[in-house]
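S.K.: Structure file upload24.txt, compact mmCIF, C-alpha atoms, is pasted below:
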# COMPACT_ATOMS: atom_id res chain seq x y z
CA MET A 1 123.77 136.26 104.48
CA GLU A 2 123.92 135.98 100.68
CA GLU A 3 126.92 134.74 98.76
CA GLU A 4 127.58 134.62 95.03
CA GLU A 5 129.92 131.88 93.88
CA PRO A 6 129.71 128.86 91.55
CA ILE A 7 127.97 125.83 93.03
CA GLN A 8 130.20 122.80 93.24
CA GLU A 9 129.37 120.23 90.59
CA LYS A 10 129.43 116.50 91.01
CA PRO A 11 132.37 115.01 89.09
CA ALA A 12 131.38 113.08 86.00
CA ASN A 13 130.76 109.47 86.96
CA ALA A 14 132.74 106.65 85.47
CA ASP A 15 130.65 104.33 83.38
CA ILE A 16 128.28 102.14 85.35
CA THR A 17 129.94 98.75 85.75
CA ASP A 18 128.31 95.51 84.62
CA VAL A 19 127.83 94.47 88.27
CA GLN A 20 126.20 97.80 89.16
CA ALA A 21 123.96 97.61 86.10
CA GLU A 22 122.84 94.10 87.02
CA ILE A 23 122.07 95.09 90.61
CA GLY A 24 120.22 98.19 89.43
CA SER A 25 118.18 96.18 86.95
CA ARG A 26 117.17 93.64 89.59
CA ILE A 27 116.01 96.36 91.97
CA ALA A 28 114.19 98.33 89.26
CA ALA A 29 112.25 95.22 88.25
CA LEU A 30 110.59 95.27 91.68
CA VAL A 31 109.72 98.99 91.68
CA GLU A 32 106.08 99.60 90.80
CA ASN A 33 104.39 102.55 89.16
CA HIS A 34 103.46 105.34 91.61
CA SER A 35 106.25 104.39 94.02
CA THR A 36 108.04 106.98 96.17
CA LEU A 37 111.82 106.75 95.83
CA GLN A 38 114.77 107.33 98.12
CA LEU A 39 118.15 106.71 96.54
CA GLY A 40 121.60 107.97 97.31
CA ILE A 41 124.46 108.77 94.99
CA GLY A 42 126.67 106.39 93.04
CA GLY A 43 126.68 103.71 90.38
CA VAL A 44 123.87 101.51 91.73
CA PRO A 45 121.38 104.36 92.36
CA ASP A 46 122.17 105.72 88.89
CA ALA A 47 121.61 102.26 87.38
CA VAL A 48 118.26 101.90 89.19
CA LEU A 49 117.05 105.29 87.97
CA MET A 50 118.18 104.59 84.40
CA ALA A 51 116.06 101.42 84.45
CA LEU A 52 112.94 103.23 85.70
CA LYS A 53 112.31 105.54 82.75
CA GLU A 54 109.32 103.50 81.58
CA ARG A 55 107.53 103.77 84.93
CA LYS A 56 104.71 106.23 85.56
CA GLY A 57 103.76 108.41 88.51
CA LEU A 58 107.04 108.11 90.43
CA ARG A 59 107.58 110.36 93.43
CA ILE A 60 110.68 111.48 95.29
CA TRP A 61 111.03 111.78 99.08
CA THR A 62 114.72 111.54 99.86
CA GLU A 63 117.60 113.04 101.80
CA MET A 64 119.40 114.00 98.59
CA PHE A 65 119.13 113.55 94.85
CA SER A 66 121.25 113.98 91.76
CA ASP A 67 120.87 114.03 87.98
CA GLY A 68 119.03 110.72 87.84
CA VAL A 69 115.87 112.45 89.07
CA LEU A 70 116.15 114.98 86.25
CA GLU A 71 116.45 112.09 83.79
CA LEU A 72 113.21 110.60 85.15
CA GLU A 73 111.56 113.99 84.72
CA LYS A 74 112.70 114.18 81.10
CA ALA A 75 111.36 110.68 80.49
CA GLY A 76 107.91 111.60 81.82
CA ALA A 77 108.16 109.04 84.60
CA MET A 78 107.48 111.47 87.46
CA ASP A 79 104.17 112.43 89.07
CA ASP A 80 104.03 116.13 88.16
CA GLU A 81 101.34 116.87 90.76
CA VAL A 82 103.50 115.95 93.76
CA TYR A 83 106.44 117.83 95.26
CA ILE A 84 109.96 116.46 94.82
CA THR A 85 111.02 116.54 98.46
CA ALA A 86 114.64 116.46 99.62
CA SER A 87 117.13 118.20 101.87
CA PHE A 88 120.00 118.74 99.45
CA ALA A 89 121.14 117.99 95.92
CA PHE A 90 124.50 117.40 94.26
CA GLY A 91 124.87 117.18 90.53
CA SER A 92 125.52 118.97 87.26
CA GLN A 93 124.94 122.58 86.26
CA GLU A 94 121.98 121.32 84.21
CA LEU A 95 120.45 119.90 87.38
CA TYR A 96 120.97 123.17 89.26
CA HIS A 97 119.42 125.22 86.45
CA TRP A 98 116.40 122.90 86.43
CA MET A 99 116.04 123.28 90.20
CA ASP A 100 116.30 127.08 90.17
CA GLN A 101 112.87 128.59 90.93
CA ASN A 102 111.26 125.20 90.26
CA LYS A 103 108.10 125.25 92.35
CA ARG A 104 107.77 121.46 92.26
CA ILE A 105 110.96 121.05 94.28
CA ARG A 106 110.66 121.41 98.05
CA MET A 107 113.88 121.49 100.07
CA LEU A 108 113.32 120.82 103.77
CA ARG A 109 115.45 120.38 106.87
CA ILE A 110 116.92 116.94 107.52
CA GLU A 111 114.74 116.65 110.63
CA ARG A 112 111.71 116.58 108.32
CA THR A 113 112.92 114.59 105.32
CA ASN A 114 114.51 111.91 107.51
CA ASP A 115 111.72 111.60 110.04
CA PRO A 116 110.61 107.95 109.83
CA SER A 117 107.02 108.94 110.65
CA GLN A 118 107.00 111.32 107.67
CA ILE A 119 108.69 108.76 105.43
CA ALA A 120 106.12 106.13 106.40
CA ARG A 121 103.31 108.37 105.12
CA GLN A 122 104.65 108.20 101.57
CA PRO A 123 102.89 105.60 99.37
CA LYS A 124 104.97 102.62 98.26
CA MET A 125 108.07 104.12 99.87
CA THR A 126 111.02 102.44 98.16
CA SER A 127 114.36 102.84 99.90
CA VAL A 128 117.61 101.86 98.13
CA ASN A 129 120.82 101.95 100.15
CA ALA A 130 124.26 100.37 100.02
CA ALA A 131 126.24 98.26 102.46
CA LEU A 132 129.79 96.96 102.74
CA GLU A 133 128.78 93.52 104.00
CA VAL A 134 125.71 91.60 105.10
CA ASP A 135 125.42 88.47 107.24
CA LEU A 136 123.03 85.53 107.40
CA PHE A 137 120.93 87.31 110.04
CA ASP A 138 120.20 90.16 107.59
CA GLN A 139 122.46 92.48 109.54
CA ALA A 140 124.34 95.05 107.45
CA ASN A 141 127.60 96.89 108.02
CA ALA A 142 127.64 100.13 106.01
CA CYS A 143 130.36 101.97 107.93
CA TYR A 144 133.37 99.95 109.04
CA VAL A 145 136.40 98.45 107.29
CA ASN A 146 138.91 96.59 109.45
CA GLY A 147 137.30 98.05 112.56
CA LYS A 148 137.70 101.66 111.44
CA ILE A 149 135.02 104.02 110.17
CA TYR A 150 135.07 104.08 106.36
CA SER A 151 131.86 106.00 105.73
CA GLY A 152 128.87 107.37 107.60
CA PHE A 153 125.48 105.73 107.08
CA GLY A 154 123.61 108.99 106.48
CA GLY A 155 119.85 108.65 106.48
CA SER A 156 119.73 104.98 105.52
CA THR A 157 118.44 103.78 108.89
CA ASP A 158 115.66 106.39 108.88
CA PHE A 159 114.48 105.40 105.42
CA ILE A 160 114.69 101.65 106.08
CA VAL A 161 112.39 102.02 109.09
CA GLY A 162 110.10 104.46 107.27
CA ALA A 163 109.79 102.24 104.19
CA LEU A 164 108.83 99.21 106.27
CA HIS A 165 105.98 101.21 107.84
CA SER A 166 104.79 102.65 104.53
CA GLN A 167 101.80 101.08 102.80
CA GLY A 168 103.36 98.97 100.07
CA GLY A 169 106.84 100.13 101.09
CA ARG A 170 110.07 98.19 100.61
CA SER A 171 113.71 98.65 101.56
CA PHE A 172 116.58 97.36 99.41
CA ILE A 173 120.20 96.88 100.40
CA ALA A 174 122.48 96.75 97.38
CA LEU A 175 126.05 95.46 97.22
CA PRO A 176 128.23 93.30 94.97
CA SER A 177 128.54 89.70 96.14
CA TRP A 178 132.33 89.81 95.93
CA HIS A 179 134.83 92.50 96.92
CA PRO A 180 137.50 92.37 94.18
CA LYS A 181 140.17 94.43 95.98
CA ALA A 182 139.93 92.44 99.20
CA ASN A 183 139.22 89.25 97.23
CA THR A 184 136.52 88.22 99.66
CA SER A 185 132.79 87.67 99.90
CA THR A 186 130.59 90.55 101.02
CA ILE A 187 128.05 88.04 102.33
CA VAL A 188 129.49 86.72 105.59
CA PRO A 189 128.27 84.22 108.18
CA ARG A 190 128.09 86.77 111.00
CA LEU A 191 129.26 90.38 111.12
CA GLN A 192 132.44 91.03 113.05
CA SER A 193 131.94 94.80 112.68
CA ASN A 194 129.25 96.95 114.25
CA VAL A 195 125.75 96.53 112.84
CA THR A 196 124.48 99.60 110.98
CA HIS A 197 120.96 98.40 110.21
CA PHE A 198 118.78 95.30 109.76
CA GLN A 199 115.23 94.20 108.86
CA HIS A 200 115.54 94.89 105.14
CA SER A 201 112.94 93.79 102.62
CA PHE A 202 115.57 92.55 100.17
CA ILE A 203 119.32 92.05 99.86
CA VAL A 204 120.31 92.50 96.21
CA THR A 205 123.58 91.55 94.53
CA GLU A 206 124.43 90.77 90.93
CA GLN A 207 123.68 87.14 91.82
CA GLY A 208 120.01 87.77 92.62
CA VAL A 209 117.43 89.09 95.05
CA ALA A 210 117.10 87.64 98.56
CA GLY A 211 113.82 88.24 100.37
CA CYS A 212 114.39 88.91 104.07
CA PHE A 213 111.71 90.80 106.02
CA GLY A 214 108.72 88.63 106.87
CA HIS A 215 110.59 85.36 106.41
CA SER A 216 111.62 82.89 109.10
CA GLN A 217 115.27 82.94 110.18
CA ARG A 218 115.83 79.72 108.24
CA ASP A 219 114.24 80.97 105.02
CA GLN A 220 115.96 84.33 105.36
CA ALA A 221 119.39 82.70 105.70
CA MET A 222 118.76 80.33 102.80
CA ASN A 223 117.49 83.14 100.58
CA ILE A 224 120.66 85.14 101.25
CA ILE A 225 122.89 82.12 100.57
CA LYS A 226 121.13 80.93 97.42
CA ASN A 227 120.17 84.27 95.87
CA ALA A 228 122.69 86.88 97.03
CA ALA A 229 125.97 85.15 97.90
CA HIS A 230 128.74 84.43 95.43
CA PRO A 231 128.64 80.77 94.31
CA SER A 232 132.16 80.13 95.61
CA VAL A 233 131.12 80.66 99.25
CA ARG A 234 127.65 79.14 99.34
CA ASP A 235 128.78 75.79 100.76
CA GLU A 236 130.79 77.49 103.49
CA LEU A 237 127.87 79.77 104.36
CA THR A 238 125.50 76.79 104.48
CA GLU A 239 127.81 75.02 106.94
CA LYS A 240 127.96 78.13 109.13
CA ALA A 241 124.19 78.54 108.99
CA ALA A 242 123.80 74.99 110.29
CA GLU A 243 126.38 75.67 113.01
CA TYR A 244 124.37 78.73 114.11
CA GLY A 245 121.16 76.71 114.25
CA LEU A 246 119.60 78.50 111.29
CA LEU A 247 119.03 75.28 109.32
For this file, write the structure as structure tokens.
M.R.:
Amino acid sequence: MEEEEPIQEKPANADITDVQAEIGSRIAALVENHSTLQLGIGGVPDAVLMALKERKGLRIWTEMFSDGVLELEKAGAMDDEVYITASFAFGSQELYHWMDQNKRIRMLRIERTNDPSQIARQPKMTSVNAALEVDLFDQANACYVNGKIYSGFGGSTDFIVGALHSQGGRSFIALPSWHPKANTSTIVPRLQSNVTHFQHSFIVTEQGVAGCFGHSQRDQAMNIIKNAAHPSVRDELTEKAAEYGLL
């Protein structure tokens, strides 16, 4: 069945906030040339992509992409000999015109793009996803607020697993250290909500980058406290870590 109607455009984003820009910059600093990228939609992914324009040979294997990929293409940062692989896109009319009849873009079923075994085959697979809160055990909640579903987690779990099995791959979880509306820390001692995913390479906030995967429980907890948590809660988190036997 064919249908002719305008494709829905992504609303113009508000300006990237200072916190989002700082998180994006910290993640981008760890992304190497010739990496394969998976990023979602929003301020932090946009900030990461904006900071990657000087890279070379970047590849895309992702569930979805938006205008940030087009900006990388314009900047000459993409590997023009490799397919841009995704399942769907959401962006501007300029993005859609660029995609139309573009033989470098390969749109596949979710079962293929999100297959961890396929993701793991991509060199330097770099997965960037968001979370609502993270605890000292490197467990992330990306779905629940006050015990109710706030958002689905999409393909994040697939790409986290795939990235960890990719040669040179890394997975990043990005979030602000403080939730201004709730006036509370997003780094908590232990999740009270359901766990969405775990075993991340790095937890990144505007405060810094906390290395997780491959570290001991003690070092992982201390990295999260010292490098990712808001300064106002570090003492409390340290006390809880000791109570849990992490220190």
S.K.: Using only C-alpha atoms - which residues lie no farther than 8 Å from the point (124.1, 94.8, 103.2) in the file's frame? Write them as a tab-separated table (two decimals) with C-alpha atoms, in the coordinates of the input.
M.R.:
chain	number	residue	atom	x	y	z
A	130	ALA	CA	124.26	100.37	100.02
A	131	ALA	CA	126.24	98.26	102.46
A	132	LEU	CA	129.79	96.96	102.74
A	133	GLU	CA	128.78	93.52	104.00
A	134	VAL	CA	125.71	91.60	105.10
A	135	ASP	CA	125.42	88.47	107.24
A	138	ASP	CA	120.20	90.16	107.59
A	139	GLN	CA	122.46	92.48	109.54
A	140	ALA	CA	124.34	95.05	107.45
A	141	ASN	CA	127.60	96.89	108.02
A	142	ALA	CA	127.64	100.13	106.01
A	173	ILE	CA	120.20	96.88	100.40
A	174	ALA	CA	122.48	96.75	97.38
A	175	LEU	CA	126.05	95.46	97.22
A	187	ILE	CA	128.05	88.04	102.33
A	203	ILE	CA	119.32	92.05	99.86
S.K.: How far is it from CA of Gly168 in chain A to CA of Met50 in chain A, in Å with one decimal?
M.R.: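 That distance, rounded to one decimal, is 22.3 Å.
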S.K.: From the list A:Ile110, A:Met99, A:Val188, A:Ala75, which residue is nearest Gly155 in chain A when using only C-alpha atoms?
M.R.: A:Ile110
S.K.: Which is closer to Phe213 in chain A than all the others in A:Leu72, A:Ala29, A:Ile84, A:Ile160, using only C-alpha atoms?
M.R.: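 Selected residue with least distance to Phe213 in chain A: A:Ile160.
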S.K.: Please report the interatomic distance between CA of Ile224 in chain A and CA of Tyr244 in chain A in Å with one decimal.
M.R.: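 It comes out at 14.8 Å.
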S.K.: Work out how far CA of Gln101 in chain A is from CA of Ile7 in chain A, in Å to one decimal.
M.R.: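 If I compute the distance from CA of Ile7 in chain A to CA of Gln101 in chain A, I get 15.5 Å.
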S.K.: Just checking: using only C-alpha atoms, which residue out of A:Ala163, A:Ala89, A:Leu95, A:Ala47 ends up closest to Met107 in chain A?
M.R.: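 Among the listed residues, the smallest separation from Met107 in chain A belongs to A:Ala89.
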S.K.: Counting all atoms listed in the file, which residue out of A:Glu5, A:Glu54, A:Glu22, A:Glu63 sits closest to Ile119 in chain A?
M.R.: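 The closest residue to Ile119 in chain A is A:Glu63.
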S.K.: Using all atoms listed in the file, what residues lie at most 10 Å away from (114.3, 105.2, 105.7) (file coordinates), given as a PyMOL selection string?
M.R.: chain A and resi 38+61-63+113-120+125-129+155-166+170-171
S.K.: Would you mind telling me which residue in A:Pro180, A:Gly169, A:Gly24, A:Gly152 lies nearest to Asp46 in chain A when using all atoms listed in the file?
M.R.: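 Selected residue with least distance to Asp46 in chain A: A:Gly24.
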S.K.: Measuring atom to atom with only C-alpha atoms, identify which of A:Gly42, A:Gly245, A:Pro176, A:Gly147 is nearest to Ser193 in chain A.
M.R.: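 The shortest atom-to-atom distance to Ser193 in chain A comes from A:Gly147.
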S.K.: Which residues come within 12 Å of Asn183 in chain A, counting all atoms listed in the file, excluding same-chain residues fewer than 3 positions away, as an mmCIF file with C-alpha atoms, in the coordinates of the input?
M.R.:
data_model
loop_
_atom_site.group_PDB
_atom_site.id
_atom_site.type_symbol
_atom_site.label_atom_id
_atom_site.label_comp_id
_atom_site.auth_asym_id
_atom_site.auth_seq_id
_atom_site.Cartn_x
_atom_site.Cartn_y
_atom_site.Cartn_z
ATOM 1 C CA PRO A 176 128.230 93.300 94.970
ATOM 2 C CA SER A 177 128.540 89.700 96.140
ATOM 3 C CA TRP A 178 132.330 89.810 95.930
ATOM 4 C CA HIS A 179 134.830 92.500 96.920
ATOM 5 C CA PRO A 180 137.500 92.370 94.180
ATOM 6 C CA THR A 186 130.590 90.550 101.020
ATOM 7 C CA HIS A 230 128.740 84.430 95.430
ATOM 8 C CA SER A 232 132.160 80.130 95.610
ATOM 9 C CA VAL A 233 131.120 80.660 99.250
#
S.K.: Quick one: residues within 12 Å of Ala77 in chain A, all atoms listed in the file, excluding same-chain residues fewer than 3 positions away - as a ChimeraX atom specification?
M.R.: /A:32-36,49-60,68-74,80
S.K.: Kindly compute an axis-aligned box around the listed atoms of range 142-160 of chain A, allowing 3 Å on each side, and express its centre and edge lengths in Å to one decimal as JSON.
M.R.:
{"center_x": 126.7, "center_y": 102.8, "center_z": 109.0, "size_x": 30.4, "size_y": 18.4, "size_z": 13.1}
S.K.: Could you list, as a count of residues only, every residue within 8 Å of Val204 in chain A, counting only C-alpha atoms and ignoring same-chain residues fewer than 5 positions away?
M.R.: 10
S.K.: Quick one: residues within 8 Å of Pro189 in chain A, only C-alpha atoms counted, chain neighbours fewer than 2 positions away excluded, as a list in words?
M.R.: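 Residues meeting the cut-off are Asp135, Leu136, Ile187, Leu191, Leu237, Lys240 and Ala241 of chain A.
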